[in-house]
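Visitor: Sharing data.tsv, TSV, C-alpha atoms and all ligand atoms:
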```
chain	number	residue	atom	x	y	z
A	6	VAL	CA	-17.30	7.30	32.77
A	7	LEU	CA	-13.62	6.50	32.63
A	8	LEU	CA	-13.30	8.18	29.25
A	9	CYS	CA	-15.08	11.25	30.62
A	10	ASP	CA	-12.62	11.45	33.48
A	11	LEU	CA	-9.69	10.91	31.18
A	12	GLY	CA	-11.15	13.37	28.71
A	13	ARG	CA	-11.27	16.11	31.31
A	14	GLY	CA	-7.63	15.40	31.88
A	15	VAL	CA	-6.79	15.69	28.20
A	16	MET	CA	-8.54	19.02	27.87
A	17	PRO	CA	-9.97	20.27	31.16
A	18	GLY	CA	-13.68	20.92	31.01
A	19	ILE	CA	-14.35	18.91	27.86
A	20	ALA	CA	-15.30	15.26	28.17
A	21	LEU	CA	-14.33	12.89	25.41
A	22	CYS	CA	-17.61	11.00	25.38
A	23	SER	CA	-20.16	13.78	25.53
A	24	GLU	CA	-22.28	14.18	22.46
A	25	ASP	CA	-21.89	17.91	21.95
A	26	GLU	CA	-20.00	19.02	18.85
A	27	ALA	CA	-16.92	20.29	20.71
A	28	SER	CA	-16.41	16.97	22.50
A	29	VAL	CA	-16.95	14.94	19.36
A	30	GLN	CA	-14.39	17.09	17.54
A	31	HIS	CA	-12.01	16.78	20.46
A	32	TYR	CA	-12.46	13.00	20.52
A	33	ARG	CA	-11.74	12.81	16.78
A	34	GLN	CA	-8.60	14.92	17.07
A	35	GLU	CA	-7.17	13.54	20.27
A	36	MET	CA	-8.24	9.89	20.10
A	37	LEU	CA	-9.02	8.80	16.55
A	38	ALA	CA	-6.55	10.88	14.52
A	39	LYS	CA	-3.70	10.13	16.90
A	40	ARG	CA	-4.84	6.54	17.32
A	41	ARG	CA	-4.61	6.84	21.11
A	42	SER	CA	-5.50	3.61	22.79
A	43	LEU	CA	-6.97	3.05	26.22
A	44	ILE	CA	-3.56	1.99	27.47
A	45	ASP	CA	-2.13	5.30	26.20
A	46	LEU	CA	-4.71	7.17	28.29
A	47	LEU	CA	-4.11	5.04	31.36
A	48	GLU	CA	-0.39	5.67	31.11
A	49	GLU	CA	-1.00	9.39	30.66
A	50	PHE	CA	-3.37	9.59	33.63
A	51	PRO	CA	-2.11	7.12	36.22
A	52	ALA	CA	-4.64	8.39	38.77
A	53	CYS	CA	-7.37	6.62	36.80
A	54	GLU	CA	-7.36	3.04	37.97
A	55	LEU	CA	-8.99	0.41	35.84
A	56	PRO	CA	-9.45	-3.17	37.06
A	57	LEU	CA	-7.60	-5.57	34.78
A	58	ASN	CA	-10.78	-7.53	33.95
A	59	VAL	CA	-12.51	-4.33	32.78
A	60	TYR	CA	-9.47	-3.41	30.71
A	61	LEU	CA	-9.42	-6.86	29.09
A	62	GLU	CA	-13.14	-6.59	28.30
A	63	GLN	CA	-12.46	-3.38	26.40
A	64	LEU	CA	-9.87	-4.90	24.10
A	65	PRO	CA	-11.18	-5.41	20.57
A	66	ALA	CA	-10.81	-8.84	18.98
A	67	LEU	CA	-7.76	-9.11	16.73
A	68	ARG	CA	-8.78	-8.92	13.09
A	69	PRO	CA	-6.96	-10.75	10.33
A	70	ARG	CA	-4.43	-8.84	8.24
A	71	TYR	CA	-4.39	-9.37	4.50
A	72	TYR	CA	-1.25	-9.63	2.38
A	73	SER	CA	-1.13	-9.86	-1.37
A	74	ILE	CA	0.71	-12.86	-2.76
A	75	SER	CA	3.99	-11.70	-4.26
A	76	SER	CA	4.84	-14.75	-6.36
A	77	SER	CA	3.37	-16.66	-9.26
A	78	PRO	CA	2.07	-20.23	-9.07
A	79	LEU	CA	3.46	-20.70	-12.59
A	80	GLN	CA	6.96	-20.32	-11.15
A	81	ASP	CA	6.35	-22.55	-8.13
A	82	ALA	CA	2.97	-24.21	-7.69
A	83	HIS	CA	3.73	-25.36	-4.12
A	84	ARG	CA	5.07	-22.22	-2.57
A	85	CYS	CA	3.92	-18.64	-2.40
A	86	SER	CA	5.46	-15.54	-0.85
A	87	ILE	CA	4.20	-12.40	0.81
A	88	THR	CA	6.13	-9.14	1.15
A	89	VAL	CA	5.45	-7.17	4.31
A	90	ALA	CA	6.38	-3.62	5.30
A	91	VAL	CA	7.00	-3.49	9.05
A	92	VAL	CA	4.96	-0.72	10.68
A	93	ASP	CA	7.41	0.88	13.12
A	94	ALA	CA	7.41	4.66	13.56
A	95	PRO	CA	7.07	7.33	16.25
A	96	ALA	CA	3.47	7.08	17.51
A	97	ARG	CA	1.06	9.72	16.26
A	98	SER	CA	-0.09	10.20	19.86
A	99	GLY	CA	3.36	11.64	20.55
A	100	HIS	CA	4.15	8.89	23.07
A	101	GLY	CA	6.76	6.30	22.21
A	102	GLN	CA	7.03	4.13	19.18
A	103	TYR	CA	4.09	2.62	17.28
A	104	ARG	CA	4.64	-0.96	16.15
A	105	GLY	CA	2.12	-2.74	13.97
A	106	ILE	CA	0.82	-5.95	15.56
A	107	CYS	CA	1.01	-8.36	12.67
A	108	SER	CA	3.98	-6.98	10.75
A	109	THR	CA	6.09	-6.82	13.94
A	110	TYR	CA	5.05	-10.37	14.81
A	111	LEU	CA	6.11	-11.55	11.35
A	112	GLN	CA	9.37	-9.62	11.61
A	113	ASN	CA	10.25	-11.35	14.87
A	114	MET	CA	9.58	-14.86	13.59
A	115	GLN	CA	12.52	-17.20	13.19
A	116	GLU	CA	13.15	-19.22	10.07
A	117	GLY	CA	11.30	-22.53	10.27
A	118	GLU	CA	8.51	-21.25	12.55
A	119	TYR	CA	4.91	-21.74	11.45
A	120	ILE	CA	1.97	-19.35	11.39
A	121	HIS	CA	-1.65	-20.05	10.68
A	122	ALA	CA	-2.93	-18.26	7.61
A	123	PHE	CA	-5.65	-18.69	5.06
A	124	VAL	CA	-5.75	-17.94	1.36
A	125	HIS	CA	-8.68	-15.75	0.51
A	126	ASP	CA	-9.90	-15.26	-3.04
A	127	THR	CA	-10.88	-11.60	-3.10
A	128	ARG	CA	-12.50	-12.01	-6.55
A	129	SER	CA	-10.42	-9.01	-7.48
A	130	SER	CA	-10.06	-8.03	-11.11
A	131	PHE	CA	-6.48	-7.07	-10.34
A	132	MET	CA	-4.90	-9.80	-12.42
A	133	LEU	CA	-3.09	-10.19	-15.72
A	134	PRO	CA	-5.22	-9.72	-18.83
A	135	GLU	CA	-6.25	-12.88	-20.67
A	136	LYS	CA	-4.58	-11.70	-23.86
A	137	LEU	CA	-0.87	-12.11	-23.17
A	138	THR	CA	0.15	-9.55	-25.77
A	139	THR	CA	-1.67	-6.67	-24.01
A	140	PRO	CA	0.89	-4.05	-22.91
A	141	LEU	CA	1.00	-3.43	-19.16
A	142	ILE	CA	1.85	-0.33	-17.15
A	143	MET	CA	2.41	-1.26	-13.52
A	144	VAL	CA	2.79	1.44	-10.87
A	145	GLY	CA	3.81	0.12	-7.48
A	146	PRO	CA	5.98	2.09	-5.09
A	147	GLY	CA	7.04	0.43	-1.84
A	148	THR	CA	5.08	-2.70	-1.05
A	149	GLY	CA	2.82	-1.75	-3.98
A	150	LEU	CA	5.36	-3.76	-5.92
A	151	VAL	CA	4.00	-6.96	-4.40
A	152	PRO	CA	1.50	-8.18	-7.02
A	153	PHE	CA	3.73	-7.07	-9.89
A	154	ARG	CA	6.51	-9.38	-8.78
A	155	GLY	CA	4.04	-12.22	-9.28
A	156	PHE	CA	2.89	-10.78	-12.62
A	157	LEU	CA	6.47	-10.54	-13.87
A	158	GLN	CA	7.34	-14.05	-12.72
A	159	GLU	CA	4.33	-15.22	-14.71
A	160	CYS	CA	5.38	-13.24	-17.80
A	161	ALA	CA	8.90	-14.71	-17.51
A	162	VAL	CA	7.58	-18.28	-17.44
A	163	GLN	CA	5.29	-17.55	-20.39
A	164	GLN	CA	8.16	-16.09	-22.35
A	165	VAL	CA	10.31	-19.17	-21.70
A	166	GLN	CA	7.40	-21.26	-22.99
A	167	SER	CA	7.80	-19.20	-26.18
A	168	GLU	CA	4.49	-17.47	-25.80
A	169	GLN	CA	4.42	-13.96	-27.11
A	170	VAL	CA	3.94	-11.54	-24.25
A	171	GLY	CA	3.19	-7.82	-24.48
A	172	GLU	CA	5.46	-4.99	-23.49
A	173	THR	CA	5.50	-4.27	-19.74
A	174	LEU	CA	6.61	-1.16	-17.87
A	175	LEU	CA	7.20	-1.31	-14.14
A	176	PHE	CA	7.32	1.93	-12.16
A	177	PHE	CA	8.72	1.30	-8.73
A	178	GLY	CA	9.45	3.96	-6.12
A	179	CYS	CA	11.45	3.92	-2.92
A	180	ARG	CA	13.56	6.23	-0.76
A	181	ARG	CA	17.13	5.21	-1.49
A	182	PRO	CA	18.61	2.30	-3.42
A	183	GLU	CA	20.51	0.94	-0.41
A	184	GLN	CA	17.53	1.31	1.94
A	185	ASP	CA	14.34	-0.04	0.44
A	186	PHE	CA	14.82	-1.12	-3.18
A	187	LEU	CA	12.84	-4.33	-2.79
A	188	TYR	CA	13.89	-7.32	-4.91
A	189	GLU	CA	16.48	-5.16	-6.65
A	190	ASP	CA	18.53	-8.05	-8.07
A	191	GLU	CA	15.46	-9.92	-9.23
A	192	LEU	CA	13.93	-6.87	-10.91
A	193	ARG	CA	17.17	-5.88	-12.60
A	194	SER	CA	17.58	-9.42	-13.87
A	195	LEU	CA	13.99	-9.40	-15.26
A	196	ALA	CA	14.76	-6.08	-16.96
A	197	GLN	CA	17.99	-7.44	-18.44
A	198	ARG	CA	16.12	-10.43	-19.83
A	199	GLY	CA	13.65	-8.06	-21.50
A	200	ILE	CA	10.69	-9.22	-19.38
A	201	THR	CA	10.03	-5.67	-18.24
A	202	GLU	CA	11.26	-2.13	-18.61
A	203	LEU	CA	12.13	-1.00	-15.11
A	204	HIS	CA	11.75	2.62	-13.98
A	205	VAL	CA	12.73	3.48	-10.44
A	206	ALA	CA	12.00	6.78	-8.67
A	207	PHE	CA	14.08	7.59	-5.59
A	208	SER	CA	12.54	10.13	-3.26
A	209	ARG	CA	15.40	10.69	-0.79
A	210	LEU	CA	18.63	10.84	-2.75
A	211	SER	CA	20.77	13.62	-1.28
A	212	ASP	CA	22.16	14.88	-4.60
A	213	GLN	CA	18.95	14.68	-6.65
A	214	PRO	CA	15.53	16.29	-6.50
A	215	LYS	CA	12.77	14.07	-5.06
A	216	THR	CA	11.32	11.88	-7.78
A	217	TYR	CA	8.11	9.89	-7.47
A	218	VAL	CA	6.72	7.28	-9.82
A	219	GLN	CA	4.17	9.71	-11.21
A	220	ASP	CA	7.05	11.91	-12.41
A	221	LEU	CA	8.30	9.14	-14.68
A	222	LEU	CA	5.05	8.44	-16.48
A	223	TRP	CA	5.26	11.24	-19.01
A	224	ALA	CA	8.27	9.80	-20.81
A	225	ASN	CA	6.36	6.57	-21.38
A	226	ARG	CA	3.00	7.84	-22.49
A	227	ALA	CA	3.17	6.09	-25.89
A	228	LEU	CA	2.19	2.75	-24.40
A	229	LEU	CA	-1.09	4.26	-23.21
A	230	GLU	CA	-2.03	4.91	-26.81
A	231	GLN	CA	-1.40	1.24	-27.59
A	232	GLY	CA	-4.19	0.15	-25.24
A	233	ALA	CA	-2.08	-0.72	-22.22
A	234	VAL	CA	-3.77	-1.86	-19.03
A	235	VAL	CA	-2.71	0.34	-16.10
A	236	TYR	CA	-2.29	-1.20	-12.64
A	237	VAL	CA	-1.76	0.92	-9.54
A	238	CYS	CA	-0.96	-0.73	-6.23
A	239	GLY	CA	0.13	0.42	-2.77
A	240	ASP	CA	-0.61	3.37	-0.53
A	241	ALA	CA	-4.19	4.58	-0.72
A	242	GLY	CA	-3.34	7.88	1.02
A	243	ALA	CA	-1.05	10.04	-1.09
A	244	MET	CA	0.23	7.76	-3.84
A	245	ALA	CA	-2.96	6.54	-5.55
A	246	PRO	CA	-4.56	10.01	-5.96
A	247	ALA	CA	-1.19	11.45	-7.12
A	248	VAL	CA	-0.82	8.75	-9.76
A	249	ARG	CA	-4.40	9.26	-10.92
A	250	LYS	CA	-3.70	12.99	-11.19
A	251	ALA	CA	-0.54	12.27	-13.17
A	252	PHE	CA	-2.51	10.16	-15.67
A	253	ALA	CA	-5.15	12.90	-15.91
A	254	ASN	CA	-2.41	15.48	-16.62
A	255	LEU	CA	-0.88	13.15	-19.16
A	256	TYR	CA	-4.21	12.86	-20.93
A	257	CYS	CA	-4.70	16.66	-20.94
A	258	GLU	CA	-1.25	17.20	-22.44
A	259	MET	CA	-1.63	14.43	-25.01
A	260	THR	CA	-5.07	15.48	-26.20
A	261	GLY	CA	-5.49	19.14	-25.29
A	262	GLN	CA	-8.65	18.25	-23.31
A	263	ASN	CA	-9.48	19.74	-19.91
A	264	GLU	CA	-9.38	18.23	-16.42
A	265	GLN	CA	-13.04	17.26	-16.41
A	266	GLN	CA	-12.65	15.37	-19.70
A	267	ALA	CA	-9.54	13.69	-18.32
A	268	GLU	CA	-11.56	12.54	-15.30
A	269	GLN	CA	-14.24	11.12	-17.63
A	270	TRP	CA	-11.54	9.31	-19.60
A	271	LEU	CA	-10.16	7.76	-16.40
A	272	THR	CA	-13.63	6.68	-15.33
A	273	GLN	CA	-14.17	5.04	-18.72
A	274	LEU	CA	-10.80	3.28	-18.48
A	275	THR	CA	-11.70	2.08	-14.98
A	276	ASP	CA	-15.13	0.80	-16.06
A	277	ALA	CA	-13.60	-1.00	-19.03
A	278	GLY	CA	-10.98	-2.68	-16.81
A	279	TYR	CA	-8.06	-0.71	-18.23
A	280	TYR	CA	-7.25	1.21	-15.03
A	281	LEU	CA	-7.09	-1.13	-12.08
A	282	VAL	CA	-6.33	-0.04	-8.55
A	283	ASP	CA	-5.48	-2.14	-5.50
A	284	VAL	CA	-4.60	0.03	-2.52
A	285	TRP	CA	-4.60	-0.11	1.26
A	286	PRO	CA	-4.24	2.54	3.96
A	287	SER	CA	-0.65	3.10	5.11
A	301	LIG	C1	-6.21	-6.30	0.35
A	301	LIG	C2	-5.01	-5.89	1.17
A	301	LIG	C3	-3.74	-6.28	0.76
A	301	LIG	C4	-2.62	-5.90	1.49
A	301	LIG	N1	-1.39	-6.30	1.08
A	301	LIG	C5	-0.30	-5.94	1.77
A	301	LIG	C6	1.01	-6.36	1.36
A	301	LIG	O1	1.16	-7.08	0.37
A	301	LIG	N2	2.08	-5.96	2.09
A	301	LIG	C7	1.94	-5.16	3.20
A	301	LIG	O2	2.96	-4.85	3.82
A	301	LIG	N3	0.71	-4.76	3.64
A	301	LIG	C8	-0.40	-5.15	2.96
A	301	LIG	N4	-1.64	-4.77	3.40
A	301	LIG	C9	-1.73	-4.06	4.72
A	301	LIG	C10	-1.75	-5.14	5.85
A	301	LIG	O3	-2.94	-5.91	5.80
A	301	LIG	C11	-1.68	-4.54	7.28
A	301	LIG	O4	-2.65	-3.54	7.40
A	301	LIG	C12	-0.30	-3.95	7.61
A	301	LIG	O5	0.71	-4.95	7.55
A	301	LIG	C13	-0.30	-3.37	9.05
A	301	LIG	O6	-0.68	-4.38	9.94
A	301	LIG	P1	-0.07	-4.42	11.42
A	301	LIG	O7	-0.84	-5.43	12.20
A	301	LIG	O8	1.42	-4.59	11.38
A	301	LIG	O9	-0.36	-2.97	11.95
A	301	LIG	P2	-1.59	-2.52	12.90
A	301	LIG	O10	-1.34	-2.94	14.29
A	301	LIG	O11	-2.87	-2.98	12.28
A	301	LIG	O12	-1.41	-0.98	12.78
A	301	LIG	C14	-1.72	-0.33	11.55
A	301	LIG	C15	-2.67	0.82	11.89
A	301	LIG	O13	-1.95	1.76	12.67
A	301	LIG	C16	-1.96	3.03	12.04
A	301	LIG	N5	-0.62	3.60	12.17
A	301	LIG	C17	0.43	3.46	11.32
A	301	LIG	N6	1.48	4.14	11.76
A	301	LIG	C18	1.10	4.71	12.93
A	301	LIG	C19	1.77	5.58	13.86
A	301	LIG	N7	3.00	5.99	13.65
A	301	LIG	N8	1.09	5.97	14.97
A	301	LIG	C20	-0.18	5.57	15.17
A	301	LIG	N9	-0.88	4.79	14.32
A	301	LIG	C21	-0.24	4.36	13.20
A	301	LIG	C22	-2.31	2.81	10.59
A	301	LIG	O14	-3.01	3.93	10.06
A	301	LIG	C23	-3.17	1.56	10.65
A	301	LIG	O15	-4.52	1.91	10.89
A	301	LIG	C24	-2.76	-5.13	2.67
A	301	LIG	C25	-4.05	-4.74	3.07
A	301	LIG	C26	-5.16	-5.11	2.34
A	301	LIG	C27	-6.51	-4.68	2.81
```
Starting from the file, give its structure as C-alpha cells.
Ligand SMILES: Cc1cc2nc3c(=O)[nH]c(=O)nc-3n(C[C@H](O)[C@H](O)[C@H](O)COP(=O)(O)OP(=O)(O)OC[C@H]3O[C@@H](n4cnc5c(N)ncnc54)[C@H](O)[C@@H]3O)c2cc1C
Guide:
Amino acid sequence: VLLCDLGRGVMPGIALCSEDEASVQHYRQEMLAKRRSLIDLLEEFPACELPLNVYLEQLPALRPRYYSISSSPLQDAHRCSITVAVVDAPARSGHGQYRGICSTYLQNMQEGEYIHAFVHDTRSSFMLPEKLTTPLIMVGPGTGLVPFRGFLQECAVQQVQSEQVGETLLFFGCRRPEQDFLYEDELRSLAQRGITELHVAFSRLSDQPKTYVQDLLWANRALLEQGAVVYVCGDAGAMAPAVRKAFANLYCEMTGQNEQQAEQWLTQLTDAGYYLVDVWPS
C-alpha cells in the first residue's frame, strides 16, 4: 500500500506495485534500474509516514561480499590480501552519493582492527595451469588485476626455485597512472625481473586517445598461437564482452574466418579451459 502511494507520487496515476505492464515497466525504470531504496522514497515523499518497526522489517538481511585473494600462499603461507575498489559515486537515483556498504566499511577501518571473514573455496577453474611452462595471457583492468597479482607472485617464487615457467603477458587498464595504477611498483618490478610482460592501457590521459586493454591485444597475438591460456577478470558489464569481442576480431584477422567461426573458436577454447573468465557486476 505504501509503495502504491509512493508510486502515485513518482508518476501520478501509476502505482509502482500494480501488475499491469505500465506499472511493472515503471517500477523497473524508477526503482530497480536506479536502485532506489525505501529510504530514498521516504525522503522524497515525507508525507508518507512509516513506523520505524515496519521500516526495520522491510530491510533485507545483509549478504556477504566476496573478494578474490590477491596474493599467493607460496609467497606467504600465513597471510593473504584482498584488493577492494570502494564503491562511491553519485547515486543512480539522482539523489546524493551512493556508497557501497562493505567497501566503505573496509575503507573506514583503522590499521589493527579486526573483521570477521571466511575463506570460501569457489571450486573455480580460474587458477594457474598445472604445466608451469604454459604461456599465460592475463587481462585484468581495475580490480580485475586481483587474481593475477597472486598468479605473478607464484610465478616469481617458482622462478626463484629455478623452475622453468612459461611466458606471461599482463594487460592491465586504468584511468591515469597517478590515479589508479594499482600495485604499480610491484608490477614494474615483476616486469623488470622478467616474470611478466606488462602492458598498461590508460583510458583518461589528456594528451592521448582512450586506450583499453582490448586495444593492446593485437600486438601480442603470437602467444595465442603458442597455446596460451587466456584469463579475463573484472567488470562483467562492459569489459568482459569487449575483451571477448577483441579476441574474436583477432581470430578473424589471423585466420580470415568470419565472426560466427570466431565465436565457435572461443567456445571451444572456453570448453577446453583455455579461455577462463572471472567477472562480477560493477
Ligand atoms: C566472486 C567475486 C569476487 C569478487 N572480487 C572482488 C575483488 O577482488 N575486489 C573488489 O573490489 N570487488 C570484488 N567483488 C565485488 C564485491 O563482492 C562487492 O560486490 C563490491 O565490493 C561492492 O560491495 P559493497 O558492499 O561496497 O557495495 P553494495 O552496497 O553491495 O553496492 C553495490 C551495488 O550497488 C550498485 N551500484 C553501484 N554504483 C551505484 C550507484 N552509483 N548508484 C546506485 N547503485 C549503484 C551496484 O550495481 C551493486 O549492485 C567480487 C564479487 C564476486 C562475486
Visitor: List every protein, DNA or RNA residue with an atom no more than 7 Å from (12.8, -14.2, -20.7) in the file's coordinates, counting only C-alpha atoms, and format the result as number ranges by chain.
Guide: A: 161, 164-165, 198-200
Visitor: Write out as a Markdown table the residues of chain A that have any atom within 10 Å of an atom of ligand LIG 301 (chain A), one row each with the nearest atom pair and its distance in Å to one decimal, counting all atoms listed in the file, sorted by chain and then rising number.
Guide:
```
| residue | atom | partner | partner_atom | distance |
| --- | --- | --- | --- | --- |
| A:Leu37 | CA | A:LIG301 | N9 | 9.3 |
| A:Ala38 | CA | A:LIG301 | C20 | 8.3 |
| A:Lys39 | CA | A:LIG301 | C20 | 6.0 |
| A:Arg40 | CA | A:LIG301 | C20 | 5.2 |
| A:Arg41 | CA | A:LIG301 | C20 | 7.5 |
| A:Ser42 | CA | A:LIG301 | C20 | 9.5 |
| A:Leu67 | CA | A:LIG301 | O11 | 9.0 |
| A:Arg68 | CA | A:LIG301 | O11 | 8.4 |
| A:Pro69 | CA | A:LIG301 | O3 | 7.8 |
| A:Arg70 | CA | A:LIG301 | O3 | 4.1 |
| A:Tyr71 | CA | A:LIG301 | O3 | 4.0 |
| A:Tyr72 | CA | A:LIG301 | N1 | 3.6 |
| A:Ser73 | CA | A:LIG301 | O1 | 4.0 |
| A:Ile74 | CA | A:LIG301 | O1 | 6.6 |
| A:Ser75 | CA | A:LIG301 | O1 | 7.1 |
| A:Ser86 | CA | A:LIG301 | O1 | 9.6 |
| A:Ile87 | CA | A:LIG301 | O1 | 6.1 |
| A:Thr88 | CA | A:LIG301 | N2 | 5.2 |
| A:Val89 | CA | A:LIG301 | O2 | 3.4 |
| A:Ala90 | CA | A:LIG301 | O2 | 3.9 |
| A:Val91 | CA | A:LIG301 | O8 | 6.1 |
| A:Val92 | CA | A:LIG301 | O8 | 5.3 |
| A:Asp93 | CA | A:LIG301 | N7 | 6.8 |
| A:Ala94 | CA | A:LIG301 | N7 | 4.6 |
| A:Pro95 | CA | A:LIG301 | N7 | 5.0 |
| A:Ala96 | CA | A:LIG301 | N8 | 3.7 |
| A:Arg97 | CA | A:LIG301 | N8 | 4.0 |
| A:Ser98 | CA | A:LIG301 | N8 | 6.6 |
| A:Gly99 | CA | A:LIG301 | N8 | 8.3 |
| A:His100 | CA | A:LIG301 | N8 | 9.1 |
| A:Gly101 | CA | A:LIG301 | N8 | 9.2 |
| A:Gln102 | CA | A:LIG301 | N7 | 7.1 |
| A:Tyr103 | CA | A:LIG301 | N8 | 5.1 |
| A:Arg104 | CA | A:LIG301 | O10 | 6.6 |
| A:Gly105 | CA | A:LIG301 | O9 | 3.2 |
| A:Ile106 | CA | A:LIG301 | O7 | 3.8 |
| A:Cys107 | CA | A:LIG301 | O7 | 3.5 |
| A:Ser108 | CA | A:LIG301 | O8 | 3.6 |
| A:Thr109 | CA | A:LIG301 | O8 | 5.8 |
| A:Tyr110 | CA | A:LIG301 | O8 | 7.6 |
| A:Leu111 | CA | A:LIG301 | O8 | 8.4 |
| A:Gln112 | CA | A:LIG301 | O8 | 9.4 |
| A:His125 | CA | A:LIG301 | C1 | 9.8 |
| A:Thr127 | CA | A:LIG301 | C1 | 7.9 |
| A:Ser129 | CA | A:LIG301 | C1 | 9.3 |
| A:Gly147 | CA | A:LIG301 | O2 | 8.7 |
| A:Thr148 | CA | A:LIG301 | N2 | 5.4 |
| A:Gly149 | CA | A:LIG301 | O1 | 7.1 |
| A:Leu150 | CA | A:LIG301 | O1 | 8.3 |
| A:Val151 | CA | A:LIG301 | O1 | 5.6 |
| A:Pro152 | CA | A:LIG301 | O1 | 7.5 |
| A:Cys238 | CA | A:LIG301 | N1 | 9.2 |
| A:Gly239 | CA | A:LIG301 | C5 | 7.8 |
| A:Asp240 | CA | A:LIG301 | N4 | 9.1 |
| A:Gly242 | CA | A:LIG301 | O14 | 9.9 |
| A:Asp283 | CA | A:LIG301 | C1 | 7.2 |
| A:Val284 | CA | A:LIG301 | C2 | 7.0 |
| A:Trp285 | CA | A:LIG301 | C25 | 5.0 |
| A:Pro286 | CA | A:LIG301 | O14 | 6.4 |
| A:Ser287 | CA | A:LIG301 | O14 | 5.5 |
```
Visitor: Can you work out which one of A:Leu61, A:Leu157, A:Gln166, A:Arg181 has the shortest atom-to-atom distance to Ala196 in chain A, counting all atoms listed in the file?
Guide: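 Smallest separation from Ala196 in chain A among the options: A:Leu157.
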Visitor: For Glu172 in chain A, which of A:Glu54, A:Glu202, A:Glu116, A:Glu191 is the closest residue, counting all atoms listed in the file?
Guide: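 Comparing A:Glu54, A:Glu202, A:Glu116, A:Glu191 against Glu172 in chain A, the winner is A:Glu202.
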Visitor: Between CA of Val170 in chain A and CA of Val237 in chain A, what distance in Å does the model show, to one decimal?
Guide: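 Interatomic distance, CA of Val170 in chain A to CA of Val237 in chain A: 20.1 Å.
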Visitor: Quick one: distance from CA of Phe156 in chain A to CA of Ser77 in chain A in Å, one decimal?
Guide: 6.8 Å
Visitor: Determine the nearest neighbour of Pro134 in chain A from the options A:Phe186, A:Tyr32, A:Tyr236, A:Phe252, counting all atoms listed in the file.
Guide: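 Nearest to Pro134 in chain A: A:Tyr236.
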Visitor: Could you state the separation of CA of Leu222 in chain A and CA of Leu271 in chain A in Å, given to one decimal place?
Guide: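 Separation between CA of Leu222 in chain A and CA of Leu271 in chain A: 15.2 Å.
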Visitor: Can you list, as a PDB file with C-alpha atoms, in the coordinates of the input, every protein, DNA or RNA residue that comes within 12 Å of Thr201 in chain A when you count all atoms listed in the file, leaving out same-chain residues fewer than 3 positions away?
Guide:
```pdb
ATOM      1  CA  PRO A 140       0.890  -4.050 -22.910  1.00  0.00           C
ATOM      2  CA  LEU A 141       1.000  -3.430 -19.160  1.00  0.00           C
ATOM      3  CA  ILE A 142       1.850  -0.330 -17.150  1.00  0.00           C
ATOM      4  CA  MET A 143       2.410  -1.260 -13.520  1.00  0.00           C
ATOM      5  CA  PHE A 153       3.730  -7.070  -9.890  1.00  0.00           C
ATOM      6  CA  ARG A 154       6.510  -9.380  -8.780  1.00  0.00           C
ATOM      7  CA  PHE A 156       2.890 -10.780 -12.620  1.00  0.00           C
ATOM      8  CA  LEU A 157       6.470 -10.540 -13.870  1.00  0.00           C
ATOM      9  CA  GLN A 158       7.340 -14.050 -12.720  1.00  0.00           C
ATOM     10  CA  GLU A 159       4.330 -15.220 -14.710  1.00  0.00           C
ATOM     11  CA  CYS A 160       5.380 -13.240 -17.800  1.00  0.00           C
ATOM     12  CA  ALA A 161       8.900 -14.710 -17.510  1.00  0.00           C
ATOM     13  CA  GLN A 164       8.160 -16.090 -22.350  1.00  0.00           C
ATOM     14  CA  VAL A 170       3.940 -11.540 -24.250  1.00  0.00           C
ATOM     15  CA  GLY A 171       3.190  -7.820 -24.480  1.00  0.00           C
ATOM     16  CA  GLU A 172       5.460  -4.990 -23.490  1.00  0.00           C
ATOM     17  CA  THR A 173       5.500  -4.270 -19.740  1.00  0.00           C
ATOM     18  CA  LEU A 174       6.610  -1.160 -17.870  1.00  0.00           C
ATOM     19  CA  LEU A 175       7.200  -1.310 -14.140  1.00  0.00           C
ATOM     20  CA  PHE A 176       7.320   1.930 -12.160  1.00  0.00           C
ATOM     21  CA  PHE A 177       8.720   1.300  -8.730  1.00  0.00           C
ATOM     22  CA  GLU A 191      15.460  -9.920  -9.230  1.00  0.00           C
ATOM     23  CA  LEU A 192      13.930  -6.870 -10.910  1.00  0.00           C
ATOM     24  CA  ARG A 193      17.170  -5.880 -12.600  1.00  0.00           C
ATOM     25  CA  SER A 194      17.580  -9.420 -13.870  1.00  0.00           C
ATOM     26  CA  LEU A 195      13.990  -9.400 -15.260  1.00  0.00           C
ATOM     27  CA  ALA A 196      14.760  -6.080 -16.960  1.00  0.00           C
ATOM     28  CA  GLN A 197      17.990  -7.440 -18.440  1.00  0.00           C
ATOM     29  CA  ARG A 198      16.120 -10.430 -19.830  1.00  0.00           C
ATOM     30  CA  HIS A 204      11.750   2.620 -13.980  1.00  0.00           C
TER      31      HIS A 204
END
```
Visitor: Just checking: using all atoms listed in the file, which residue out of A:Leu79, A:Met114, A:Val248, A:Val205 ends up closest to Val162 in chain A?
Guide: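 Once distances to Val162 in chain A are computed over all atoms listed in the file, the minimum belongs to A:Leu79.
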